[in-house]
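**Q** You'll find target12.csv just under this line, and it carries CSV, C-alpha atoms and all ligand atoms.
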```csv
chain,number,residue,atom,x,y,z
A,1,MET,CA,98.8,111.8,86.5
A,2,SER,CA,101.2,114.7,87.0
A,3,LYS,CA,104.2,114.4,89.3
A,4,LEU,CA,103.6,112.8,92.7
A,5,ARG,CA,104.2,115.5,95.4
A,6,VAL,CA,105.7,114.0,98.5
A,7,GLY,CA,106.2,115.0,102.1
A,8,ILE,CA,108.9,113.3,104.2
A,9,ILE,CA,108.1,112.9,107.9
A,10,GLY,CA,111.3,112.4,110.0
A,11,CYS,CA,114.6,113.8,108.8
A,12,GLY,CA,116.9,111.3,110.3
A,13,GLY,CA,119.4,108.9,108.6
A,14,ILE,CA,117.2,107.0,106.2
A,15,ALA,CA,115.3,110.0,104.9
A,16,ARG,CA,118.5,110.8,103.0
A,17,SER,CA,118.2,107.5,101.0
A,18,HIS,CA,114.6,108.4,100.1
A,19,CYS,CA,115.5,112.0,99.0
A,20,ASP,CA,118.5,110.7,97.0
A,21,ALA,CA,116.2,108.2,95.2
A,22,ILE,CA,113.5,110.7,94.5
A,23,ALA,CA,116.1,113.0,93.0
A,24,GLN,CA,116.8,110.3,90.4
A,25,LEU,CA,113.1,110.1,89.5
A,26,ARG,CA,112.4,113.8,89.1
A,27,ASP,CA,110.1,113.3,86.1
A,28,GLN,CA,107.7,111.2,88.2
A,29,VAL,CA,108.0,112.5,91.8
A,30,GLU,CA,109.3,115.4,93.9
A,31,VAL,CA,109.7,116.2,97.6
A,32,LEU,CA,107.6,119.2,98.3
A,33,ALA,CA,108.0,119.3,102.1
A,34,VAL,CA,109.7,117.8,105.1
A,35,ALA,CA,108.7,117.6,108.7
A,36,ASP,CA,110.9,117.2,111.7
A,37,LEU,CA,110.7,118.3,115.3
A,38,PHE,CA,114.2,119.9,115.0
A,39,GLU,CA,114.6,122.9,112.8
A,40,GLU,CA,118.3,122.2,112.0
A,41,LYS,CA,117.3,118.9,110.6
A,42,ARG,CA,114.6,120.4,108.5
A,43,ARG,CA,116.9,123.1,107.2
A,44,GLU,CA,119.6,120.5,106.4
A,45,TYR,CA,117.2,118.6,104.1
A,46,MET,CA,115.6,121.7,102.6
A,47,GLU,CA,119.0,123.1,101.6
A,48,LYS,CA,120.6,119.9,100.4
A,49,TYR,CA,117.6,118.8,98.3
A,50,SER,CA,116.1,122.2,97.4
A,51,ILE,CA,112.8,121.3,99.2
A,52,PRO,CA,110.5,124.3,99.3
A,53,LYS,CA,108.5,123.7,102.6
A,54,GLY,CA,109.5,122.6,106.1
A,55,TYR,CA,107.1,121.9,109.0
A,56,GLY,CA,107.8,121.4,112.7
A,57,THR,CA,105.1,118.7,113.1
A,58,HIS,CA,103.6,116.0,111.0
A,59,THR,CA,100.1,117.4,111.7
A,60,GLU,CA,101.0,120.7,109.9
A,61,LEU,CA,102.5,118.8,107.0
A,62,LEU,CA,99.4,116.7,106.6
A,63,LYS,CA,97.2,119.8,106.3
A,64,ASP,CA,99.1,120.8,103.2
A,65,ASP,CA,96.7,120.1,100.3
A,66,ASP,CA,99.6,120.2,97.8
A,67,ILE,CA,101.0,116.9,99.2
A,68,ASP,CA,99.8,113.7,97.6
A,69,ALA,CA,101.8,111.1,99.5
A,70,VAL,CA,104.1,110.9,102.5
A,71,ALA,CA,107.1,108.8,103.6
A,72,VAL,CA,107.0,107.9,107.3
A,73,THR,CA,110.7,107.8,108.2
A,74,LEU,CA,111.0,107.8,111.9
A,75,GLY,CA,111.1,105.5,114.9
A,76,HIS,CA,109.2,102.2,114.9
A,77,GLN,CA,106.9,103.2,117.8
A,78,LEU,CA,105.6,106.1,115.7
A,79,HIS,CA,104.9,104.3,112.4
A,80,HIS,CA,101.3,103.4,113.4
A,81,ARG,CA,100.1,106.8,114.6
A,82,LEU,CA,101.6,108.8,111.8
A,83,THR,CA,100.4,106.3,109.1
A,84,VAL,CA,96.9,106.4,110.4
A,85,ASP,CA,96.9,110.2,110.6
A,86,ALA,CA,98.3,110.4,107.0
A,87,CYS,CA,95.7,108.1,105.6
A,88,ASN,CA,93.0,110.0,107.3
A,89,ALA,CA,94.4,113.2,105.7
A,90,GLY,CA,94.0,111.5,102.3
A,91,LYS,CA,97.7,110.9,101.7
A,92,HIS,CA,99.2,107.7,100.2
A,93,VAL,CA,101.8,106.3,102.6
A,94,LEU,CA,105.2,104.6,102.3
A,95,VAL,CA,106.0,103.6,105.8
A,96,GLU,CA,109.5,102.4,106.8
A,97,LYS,CA,110.0,98.9,108.2
A,98,PRO,CA,109.1,97.4,110.6
A,99,MET,CA,105.5,98.2,109.8
A,100,ALA,CA,104.4,98.7,113.4
A,101,ILE,CA,105.0,97.1,116.8
A,102,SER,CA,101.7,95.1,117.2
A,103,LEU,CA,99.3,93.3,114.9
A,104,GLU,CA,96.5,95.6,116.1
A,105,GLN,CA,98.5,98.6,114.9
A,106,CYS,CA,99.1,96.9,111.5
A,107,ASP,CA,95.3,96.3,111.3
A,108,ASP,CA,94.6,99.9,112.1
A,109,MET,CA,96.9,101.1,109.3
A,110,ILE,CA,95.4,98.7,106.7
A,111,GLU,CA,91.9,99.8,107.7
A,112,ALA,CA,92.8,103.5,107.6
A,113,ALA,CA,94.3,103.1,104.1
A,114,SER,CA,91.3,101.2,102.9
A,115,ALA,CA,88.8,103.5,104.4
A,116,ASN,CA,90.4,106.5,102.8
A,117,GLY,CA,91.1,104.9,99.4
A,118,VAL,CA,94.9,105.5,99.6
A,119,LYS,CA,97.9,103.2,99.0
A,120,LEU,CA,99.9,101.8,101.9
A,121,MET,CA,103.3,100.4,101.2
A,122,VAL,CA,105.9,99.1,103.7
A,123,GLY,CA,109.6,99.9,103.0
A,124,GLN,CA,110.8,96.3,102.7
A,125,THR,CA,113.8,97.3,100.7
A,126,GLN,CA,115.1,93.8,100.2
A,127,HIS,CA,112.6,93.3,97.4
A,128,PHE,CA,114.3,96.1,95.5
A,129,TYR,CA,118.0,95.3,95.5
A,130,GLY,CA,119.5,94.5,92.1
A,131,THR,CA,120.7,91.2,93.5
A,132,SER,CA,117.3,90.2,95.0
A,133,LEU,CA,115.5,91.1,91.8
A,134,LYS,CA,117.8,89.0,89.7
A,135,ALA,CA,117.6,86.1,92.2
A,136,LYS,CA,113.8,86.2,92.2
A,137,GLU,CA,113.8,86.3,88.4
A,138,ILE,CA,115.9,83.1,88.3
A,139,LEU,CA,113.7,81.4,90.8
A,140,ASP,CA,110.5,82.4,89.1
A,141,SER,CA,111.8,81.2,85.7
A,142,GLY,CA,111.7,77.7,87.0
A,143,GLU,CA,115.2,76.9,85.6
A,144,LEU,CA,116.4,75.6,89.0
A,145,GLY,CA,113.4,73.4,89.4
A,146,PRO,CA,111.1,73.2,92.4
A,147,LEU,CA,112.1,75.0,95.6
A,148,VAL,CA,113.4,72.8,98.4
A,149,THR,CA,114.5,75.2,101.2
A,150,ALA,CA,116.2,78.5,101.9
A,151,VAL,CA,118.4,80.0,104.7
A,152,CYS,CA,118.6,83.8,105.0
A,153,TYR,CA,121.2,85.7,107.1
A,154,MET,CA,121.7,89.2,108.4
A,155,SER,CA,124.6,88.9,110.8
A,156,LYS,CA,126.4,92.2,111.4
A,157,LYS,CA,127.9,94.4,114.0
A,158,TRP,CA,125.1,95.8,116.2
A,159,GLY,CA,127.1,99.0,116.8
A,160,PHE,CA,125.7,99.5,120.3
A,161,SER,CA,127.2,102.9,121.1
A,162,GLY,CA,125.9,104.5,117.9
A,163,ARG,CA,122.3,103.1,118.3
A,164,PRO,CA,119.8,105.6,119.6
A,165,PRO,CA,118.2,104.3,122.8
A,166,GLN,CA,114.8,103.5,121.2
A,167,TYR,CA,116.4,101.1,118.8
A,168,ARG,CA,118.0,99.2,121.7
A,169,SER,CA,114.6,98.9,123.5
A,170,ARG,CA,112.0,96.3,122.7
A,171,TYR,CA,109.4,98.4,124.3
A,172,HIS,CA,109.9,101.0,121.5
A,173,GLY,CA,110.0,98.3,118.9
A,174,GLY,CA,113.8,98.1,118.8
A,175,GLY,CA,116.3,95.2,119.1
A,176,MET,CA,117.9,93.3,116.2
A,177,TRP,CA,114.9,91.1,115.4
A,178,LEU,CA,112.3,93.9,114.8
A,179,SER,CA,114.9,96.3,113.3
A,180,ASN,CA,116.8,93.9,111.0
A,181,GLY,CA,115.2,90.4,111.4
A,182,VAL,CA,112.2,92.0,109.6
A,183,HIS,CA,114.4,92.2,106.5
A,184,VAL,CA,115.5,88.6,106.8
A,185,VAL,CA,112.0,87.2,107.3
A,186,ASP,CA,110.7,89.4,104.5
A,187,ARG,CA,113.4,88.2,102.0
A,188,LEU,CA,113.0,84.6,103.1
A,189,THR,CA,109.2,84.7,102.8
A,190,TRP,CA,109.4,86.4,99.4
A,191,VAL,CA,111.8,83.7,98.2
A,192,MET,CA,109.7,80.9,99.6
A,193,ALA,CA,106.8,82.4,97.7
A,194,SER,CA,104.3,81.2,100.2
A,195,GLN,CA,102.5,82.3,103.4
A,196,ALA,CA,104.0,81.2,106.8
A,197,VAL,CA,101.9,78.9,108.9
A,198,SER,CA,104.1,78.4,112.0
A,199,VAL,CA,107.3,79.4,113.5
A,200,SER,CA,109.7,78.1,116.1
A,201,ALA,CA,112.5,80.4,117.3
A,202,SER,CA,115.3,81.2,119.7
A,203,ILE,CA,115.7,84.9,120.4
A,204,GLY,CA,117.9,86.5,123.0
A,205,THR,CA,120.2,89.2,124.1
A,206,ARG,CA,123.6,87.5,124.1
A,207,ALA,CA,126.3,90.0,123.1
A,208,HIS,CA,125.1,93.3,124.7
A,209,TYR,CA,123.5,94.7,127.9
A,210,GLN,CA,120.3,96.2,126.5
A,211,ALA,CA,116.5,95.8,126.7
A,212,GLY,CA,116.1,94.6,123.1
A,213,ASP,CA,117.4,91.3,121.6
A,214,ASP,CA,120.5,91.0,119.5
A,215,SER,CA,120.2,87.5,118.1
A,216,ALA,CA,117.6,85.3,116.6
A,217,THR,CA,117.3,82.0,114.7
A,218,ALA,CA,113.8,81.1,113.4
A,219,PHE,CA,112.5,78.0,111.7
A,220,ILE,CA,109.5,78.9,109.6
A,221,ARG,CA,107.0,76.5,108.0
A,222,TYR,CA,105.1,77.7,104.9
A,223,LYS,CA,101.8,76.8,103.4
A,224,ASN,CA,103.5,75.1,100.5
A,225,GLY,CA,104.8,72.5,102.8
A,226,LEU,CA,108.4,73.8,102.8
A,227,ALA,CA,110.4,75.4,105.6
A,228,GLY,CA,113.1,78.1,105.7
A,229,VAL,CA,115.5,79.5,108.3
A,230,ALA,CA,116.0,83.1,109.2
A,231,VAL,CA,119.1,84.1,111.1
A,232,SER,CA,119.4,87.7,112.4
A,233,VAL,CA,122.4,88.5,114.7
A,234,GLY,CA,123.8,91.9,115.8
A,235,TYR,CA,127.2,90.7,117.2
A,236,ALA,CA,129.6,92.8,119.3
A,237,ASP,CA,132.5,91.6,117.0
A,238,GLY,CA,132.8,89.3,114.1
A,239,ALA,CA,132.4,89.5,110.3
A,240,PRO,CA,129.2,90.0,108.4
A,241,SER,CA,127.0,87.8,106.3
A,242,TYR,CA,123.8,89.0,104.5
A,243,GLU,CA,123.5,86.0,102.3
A,244,CYS,CA,120.4,84.2,101.2
A,245,HIS,CA,121.0,80.6,100.1
A,246,VAL,CA,118.2,78.9,98.2
A,247,ILE,CA,118.3,75.2,97.3
A,248,CYS,CA,116.1,73.9,94.5
A,249,ALA,CA,115.8,70.4,93.1
A,250,ASN,CA,117.8,71.1,90.0
A,251,GLY,CA,120.1,73.9,91.0
A,252,SER,CA,121.1,76.2,93.9
A,253,LEU,CA,121.3,80.0,94.3
A,254,ARG,CA,123.1,82.3,96.6
A,255,PHE,CA,122.8,86.1,96.6
A,256,SER,CA,123.9,89.0,98.7
A,257,GLN,CA,123.7,92.8,98.4
A,258,HIS,CA,126.0,93.9,101.3
A,259,GLY,CA,129.5,93.1,102.1
A,260,GLU,CA,130.2,91.1,99.0
A,261,LYS,CA,127.6,91.8,96.3
A,262,PHE,CA,126.8,88.8,94.2
A,263,VAL,CA,124.3,86.4,92.6
A,264,LYS,CA,125.6,82.9,92.0
A,265,VAL,CA,123.9,79.9,90.5
A,266,GLY,CA,125.1,76.4,91.5
A,267,LYS,CA,124.9,73.6,89.0
A,268,ASP,CA,127.2,70.6,88.2
A,269,ASP,CA,128.8,71.1,91.6
A,270,LYS,CA,130.2,74.6,90.9
A,271,TRP,CA,129.0,78.2,91.5
A,272,GLU,CA,128.9,80.6,88.6
A,273,ASP,CA,128.4,84.4,89.0
A,274,VAL,CA,125.3,85.9,87.3
A,275,PRO,CA,125.2,89.6,86.3
A,276,PHE,CA,122.6,91.9,87.8
A,277,ASP,CA,121.5,95.5,87.5
A,278,ASP,CA,123.0,97.8,90.1
A,279,PRO,CA,122.3,100.8,90.0
A,280,PRO,CA,119.5,101.7,90.3
A,281,ALA,CA,119.8,101.6,94.0
A,282,GLN,CA,117.0,99.9,96.0
A,283,PHE,CA,115.3,103.0,97.2
A,284,GLN,CA,114.9,104.2,93.6
A,285,ASN,CA,113.3,100.8,92.7
A,286,GLU,CA,111.1,101.1,95.8
A,287,TRP,CA,109.9,104.6,94.9
A,288,LYS,CA,109.3,103.6,91.3
A,289,ALA,CA,107.0,100.8,92.5
A,290,PHE,CA,105.2,103.1,95.0
A,291,VAL,CA,104.6,105.7,92.3
A,292,GLU,CA,103.4,103.1,89.8
A,293,ALA,CA,101.0,101.6,92.3
A,294,ILE,CA,99.4,105.1,92.8
A,295,GLN,CA,99.4,106.0,89.2
A,296,GLN,CA,98.0,102.7,88.0
A,297,ASP,CA,95.8,102.1,91.0
A,298,ILE,CA,97.3,98.7,91.8
A,299,GLU,CA,98.6,97.2,95.1
A,300,PRO,CA,102.2,98.1,95.7
A,301,PRO,CA,104.5,95.0,95.9
A,302,ALA,CA,105.1,95.3,99.7
A,303,HIS,CA,101.5,96.2,100.6
A,304,GLY,CA,99.9,96.5,104.1
A,305,GLU,CA,98.8,92.9,104.2
A,306,TRP,CA,102.3,91.7,103.3
A,307,GLY,CA,103.8,94.0,105.9
A,308,ARG,CA,101.4,92.6,108.5
A,309,HIS,CA,102.2,89.0,107.6
A,310,ILE,CA,105.9,89.6,108.1
A,311,MET,CA,105.2,91.2,111.5
A,312,GLU,CA,102.9,88.3,112.4
A,313,ILE,CA,105.9,85.9,111.8
A,314,LEU,CA,108.2,88.1,113.9
A,315,PHE,CA,105.8,88.4,116.8
A,316,ALA,CA,105.0,84.6,116.7
A,317,ALA,CA,108.8,84.0,116.8
A,318,GLU,CA,109.0,86.1,119.9
A,319,GLU,CA,106.2,84.1,121.5
A,320,SER,CA,108.0,80.8,120.5
A,321,ALA,CA,111.2,82.0,122.1
A,322,ILE,CA,109.4,82.6,125.4
A,323,THR,CA,107.3,79.4,125.4
A,324,GLY,CA,109.9,77.1,123.7
A,325,GLN,CA,107.0,75.8,121.5
A,326,GLU,CA,106.3,76.1,117.8
A,327,VAL,CA,103.6,78.8,117.4
A,328,LEU,CA,100.9,78.5,114.8
A,329,LEU,CA,100.1,81.8,113.0
A,330,GLU,CA,96.5,83.0,113.5
A,331,SER,CA,96.1,83.7,109.8
A,332,GLY,CA,97.6,80.3,108.9
A,333,LEU,CA,95.2,78.1,110.7
A,334,ASN,CA,92.7,77.7,108.0
A,335,TRP,CA,95.1,77.4,105.1
A,336,THR,CA,95.4,74.1,103.3
A,337,THR,CA,98.8,72.8,102.7
A,338,GLN,CA,100.0,72.6,99.1
A,339,THR,CA,102.0,69.7,97.8
A,340,SER,CA,105.5,70.0,99.0
A,341,GLY,CA,108.0,71.1,96.3
A,342,SER,CA,105.5,72.7,93.9
A,343,PRO,CA,107.1,75.4,91.7
A,344,ILE,CA,107.1,78.8,93.2
A,345,THR,CA,104.6,81.4,91.9
A,346,ARG,CA,105.4,84.3,89.7
A,347,GLU,CA,103.1,86.4,91.8
A,348,HIS,CA,104.4,88.5,94.6
A,349,GLY,CA,104.8,86.1,97.5
A,350,TRP,CA,101.2,84.9,98.0
A,351,VAL,CA,100.5,81.3,96.9
A,401,LIG,N1,114.8,100.2,104.8
A,401,LIG,C1,116.0,100.2,105.4
A,401,LIG,O1,116.9,99.5,105.0
A,401,LIG,C2,116.2,101.1,106.6
A,401,LIG,C3,117.4,101.4,107.0
A,401,LIG,C4,117.6,102.3,108.1
A,401,LIG,C5,116.4,102.7,108.9
A,401,LIG,N2,115.2,102.2,108.4
A,401,LIG,C6,114.0,102.6,109.2
A,401,LIG,O2,113.7,104.0,109.0
A,401,LIG,C7,113.1,104.5,110.2
A,401,LIG,C8,113.8,105.8,110.6
A,401,LIG,O3,115.2,105.4,110.9
A,401,LIG,P1,116.3,106.5,111.1
A,401,LIG,O4,117.5,105.8,111.5
A,401,LIG,O5,116.4,107.4,109.9
A,401,LIG,O6,115.7,107.3,112.3
A,401,LIG,P2,116.2,108.5,113.2
A,401,LIG,O7,115.9,108.1,114.6
A,401,LIG,O8,117.7,108.8,112.8
A,401,LIG,O9,115.4,109.8,112.7
A,401,LIG,C9,114.1,110.0,113.0
A,401,LIG,C10,113.8,111.5,112.8
A,401,LIG,O10,112.4,111.8,113.1
A,401,LIG,C11,112.3,113.0,113.8
A,401,LIG,N3,111.1,112.9,114.6
A,401,LIG,C12,110.8,112.2,115.7
A,401,LIG,N4,109.5,112.3,116.0
A,401,LIG,C13,109.0,113.1,115.1
A,401,LIG,C14,107.6,113.6,114.9
A,401,LIG,N5,106.6,113.3,115.8
A,401,LIG,N6,107.4,114.4,113.9
A,401,LIG,C15,108.4,114.7,113.0
A,401,LIG,N7,109.7,114.3,113.1
A,401,LIG,C16,109.9,113.5,114.2
A,401,LIG,C17,113.6,113.0,114.7
A,401,LIG,O11,113.9,114.3,115.1
A,401,LIG,C18,114.6,112.4,113.7
A,401,LIG,O12,115.3,113.4,113.0
A,401,LIG,C19,113.1,103.4,111.2
A,401,LIG,O13,111.9,102.8,111.3
A,401,LIG,C20,114.1,102.4,110.7
A,401,LIG,O14,113.9,101.1,111.0
A,401,LIG,C21,115.1,101.5,107.3
```
So that I can check it, write out the structure of this file as structure tokens.
Ligand SMILES: NC(=O)c1ccc[n+]([C@@H]2O[C@H](COP(=O)([O-])OP(=O)(O)OC[C@H]3O[C@@H](n4cnc5c(N)ncnc54)[C@H](O)[C@@H]3O)[C@@H](O)[C@H]2O)c1

**A**
Amino acid sequence: MSKLRVGIIGCGGIARSHCDAIAQLRDQVEVLAVADLFEEKRREYMEKYSIPKGYGTHTELLKDDDIDAVAVTLGHQLHHRLTVDACNAGKHVLVEKPMAISLEQCDDMIEAASANGVKLMVGQTQHFYGTSLKAKEILDSGELGPLVTAVCYMSKKWGFSGRPPQYRSRYHGGGMWLSNGVHVVDRLTWVMASQAVSVSASIGTRAHYQAGDDSATAFIRYKNGLAGVAVSVGYADGAPSYECHVICANGSLRFSQHGEKFVKVGKDDKWEDVPFDDPPAQFQNEWKAFVEAIQQDIEPPAHGEWGRHIMEILFAAEESAITGQEVLLESGLNWTTQTSGSPITREHGWV
């Protein structure tokens, strides 16, 4: 296949990371057009990245027959509508996280991609960090023995004053849990290499006056009989942790991409640093995977069903926080439990 020609819808902050990544992959992919409601934003991107076309609305961009795929890089509440429209226009879609703000919306998106024979990938960037890739390689090699448990953190300054209003409002899909907890649950579930069956959580707004949460702790049970903990806190003041700590029967593993960047393996009661590739940056790895999925007609690593499963865990955690009860996942009810401690799979996530 010749170069993939891409349209970027939403020229806010994260679109820059996508354009920077695509610029590093110019043999395989190029940005042909951007769409944003604001002309100055379109202009900024067109000039900086030498992008030939700019549109004021996504509907105009989707009519452009020269565009093969789009990146949906705007607010959470718009992911669903724009993804469905893009699929119906015959474009492959890389949609930013969180996939959407209800399971019905996720289902619509999966259905639209399938009905139109296009690829749908969710921008779960944690899969594409150099540190995460090395950590997953170590776990999948089996050298640490069977997985026992994992705890993943994203605890960072929420930055209330700089957050646009929709990211502070749960109604629009904002708050720390949906905005950043989605990364923690995604990474935890990827590391646990299984499907979640139930979740019990405490979620609240404890450090800010806003209509979205800022802190969550979730205990997630998996089909393989194991459990993990996801902690996602946007504090008013403190010091950050983005670490994931995995304990296996014959060794331990800690890794983090932000703040301190490291992969450490624990054996014989001491931690040793493990080298990892960095660069390429995560968005470059993400785009490589998306392009490969389209060119080779295979499922992208963070496909629609995966994105939906992560959202199902997040929504069930919210229900649990309200009811005070452990919530069984709808998709988990018919699953049979595997023997606890069985080695994790080499496949992407699903056991
Ligand atoms: N993967 C990551 O690590 C990561 C990091 C940051 C943000 N994100 C996600 O990326 C998404 C975008 O975040 P952001 O901070 O860049 O957003 P933003 O709010 O800064 O930018 C959104 C842009 O979309 C434009 N826009 C709004 N409605 C539009 C429409 N109908 N048509 C065209 N343009 C429209 C706005 O004018 C704005 O320029 C969010 O879902 C966020 O969660 C992901």

**Q** Could you give me the residues within 7 Å of ligand LIG 401 (chain A), counting all atoms listed in the file, as a short mmCIF file (atom, residue, chain, number, x, y, z; two decimals) with C-alpha atoms, in the coordinates of the input?

**A**
```
data_model
loop_
_atom_site.label_atom_id
_atom_site.label_comp_id
_atom_site.auth_asym_id
_atom_site.auth_seq_id
_atom_site.Cartn_x
_atom_site.Cartn_y
_atom_site.Cartn_z
CA ILE A 9 108.10 112.90 107.90
CA GLY A 10 111.30 112.40 110.00
CA CYS A 11 114.60 113.80 108.80
CA GLY A 12 116.90 111.30 110.30
CA GLY A 13 119.40 108.90 108.60
CA ILE A 14 117.20 107.00 106.20
CA ALA A 15 115.30 110.00 104.90
CA ALA A 35 108.70 117.60 108.70
CA ASP A 36 110.90 117.20 111.70
CA LEU A 37 110.70 118.30 115.30
CA PHE A 38 114.20 119.90 115.00
CA LYS A 41 117.30 118.90 110.60
CA GLY A 56 107.80 121.40 112.70
CA THR A 57 105.10 118.70 113.10
CA HIS A 58 103.60 116.00 111.00
CA THR A 73 110.70 107.80 108.20
CA LEU A 74 111.00 107.80 111.90
CA GLY A 75 111.10 105.50 114.90
CA HIS A 76 109.20 102.20 114.90
CA GLU A 96 109.50 102.40 106.80
CA LYS A 97 110.00 98.90 108.20
CA PRO A 98 109.10 97.40 110.60
CA GLY A 123 109.60 99.90 103.00
CA GLN A 124 110.80 96.30 102.70
CA THR A 125 113.80 97.30 100.70
CA PRO A 164 119.80 105.60 119.60
CA SER A 179 114.90 96.30 113.30
#
```

**Q** Tell me which of A:Leu139, A:Ile67, A:Ser102, A:Gly117 sits closest to Cys87 of chain A, counting only C-alpha atoms.

**A**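 The closest residue to Cys87 of chain A is A:Gly117.
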
**Q** Out of A:Phe128, A:Tyr235, A:Tyr55, A:Phe219, which residue has the shortest atom-to-atom distance to Arg42 of chain A when counting all atoms listed in the file?

**A**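 Smallest separation from Arg42 of chain A among the options: A:Tyr55.
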
**Q** Mind pulling up the distance from atom CA of Tyr129 of chain A to atom CA of Asp278 of chain A?

**A** 7.8 Å

**Q** Here is a test: counting only C-alpha atoms, which residue of A:Ser198, A:Ser161, A:Asn180, A:Asn88 is nearest to Ala236 of chain A?

**A** A:Ser161

**Q** I'd like to know which of A:Asp27, A:Asp213, A:Glu243, A:Glu305 is closest to Val151 of chain A, using all atoms listed in the file.

**A**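 Looking only at the distances to Val151 of chain A, the closest residue turns out to be A:Glu243.
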
**Q** Using all atoms listed in the file, which of A:Leu32, A:Val122, A:Ile110, A:Ala211 sits nearest Phe160 of chain A?

**A**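 Comparing A:Leu32, A:Val122, A:Ile110, A:Ala211 against Phe160 of chain A, the winner is A:Ala211.
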
**Q** Name the residues, using the chain letters and numbers of the file, that sit within 12 Å of (98.2, 120.7, 102.2) when counting all atoms listed in the file, and give them as a PyMOL selection string.

**A** chain A and resi 5-7+32-33+53+55+58-70+86+89-91

**Q** Write out as an NGL selection string the residues lying within 12 Å of Gly130 of chain A, counting only C-alpha atoms and excluding same-chain residues fewer than 4 positions away.

**A** :A and (125-126 or 134-137 or 255-258 or 261-263 or 274-286)

**Q** Do you have the atom CA of Gly145 of chain A-atom CA of Ser252 of chain A distance handy?

**A**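 So the two atoms, atom CA of Gly145 of chain A and atom CA of Ser252 of chain A, lie 9.3 Å apart.
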
**Q** Choose the residue, out of A:Ala113, A:Ile101, A:Val84, A:Ala201, that has the smallest atom-to-atom separation from Ile322 of chain A; count all atoms listed in the file.

**A**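 Among the listed residues, the smallest separation from Ile322 of chain A belongs to A:Ala201.
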
**Q** Skipping near chain neighbours, those fewer than 2 positions away, what residues fall within 8 Å of Ile313 of chain A using all atoms listed in the file, listed as a PyMOL selection string?

**A** chain A and resi 185+196+198-199+309-311+315-317+329

**Q** Quick one, how far is atom CA of Glu260 of chain A from atom CA of Ile203 of chain A?

**A**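 We find that atom CA of Glu260 of chain A and atom CA of Ile203 of chain A lie 26.6 Å from each other.
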
**Q** Once N, CA and C atoms are restored for segment 22-34 of chain A, what would the output be as a CSV table (one decimal), keeping the file's coordinate frame?

**A**
```csv
chain,number,residue,atom,x,y,z
A,22,ILE,N,114.5,109.8,95.2
A,22,ILE,CA,113.5,110.7,94.5
A,22,ILE,C,114.2,111.7,93.5
A,23,ALA,N,115.4,112.1,93.9
A,23,ALA,CA,116.1,113.0,93.0
A,23,ALA,C,116.4,112.4,91.7
A,24,GLN,N,116.5,111.1,91.7
A,24,GLN,CA,116.8,110.3,90.4
A,24,GLN,C,115.5,110.1,89.6
A,25,LEU,N,114.4,110.4,90.2
A,25,LEU,CA,113.1,110.1,89.5
A,25,LEU,C,112.3,111.4,89.3
A,26,ARG,N,113.1,112.5,89.0
A,26,ARG,CA,112.4,113.8,89.1
A,26,ARG,C,111.3,114.0,88.1
A,27,ASP,N,111.2,113.1,87.0
A,27,ASP,CA,110.1,113.3,86.1
A,27,ASP,C,108.8,112.8,86.7
A,28,GLN,N,108.9,111.9,87.7
A,28,GLN,CA,107.7,111.2,88.2
A,28,GLN,C,107.3,111.7,89.6
A,29,VAL,N,108.3,112.2,90.4
A,29,VAL,CA,108.0,112.5,91.8
A,29,VAL,C,108.9,113.6,92.3
A,30,GLU,N,108.4,114.4,93.3
A,30,GLU,CA,109.3,115.4,93.9
A,30,GLU,C,109.0,115.5,95.4
A,31,VAL,N,110.0,115.9,96.2
A,31,VAL,CA,109.7,116.2,97.6
A,31,VAL,C,109.3,117.6,97.7
A,32,LEU,N,108.1,117.8,98.2
A,32,LEU,CA,107.6,119.2,98.3
A,32,LEU,C,107.8,119.7,99.7
A,33,ALA,N,107.8,118.8,100.7
A,33,ALA,CA,108.0,119.3,102.1
A,33,ALA,C,108.6,118.2,103.0
A,34,VAL,N,109.2,118.7,104.1
A,34,VAL,CA,109.7,117.8,105.1
A,34,VAL,C,109.1,118.2,106.4
```
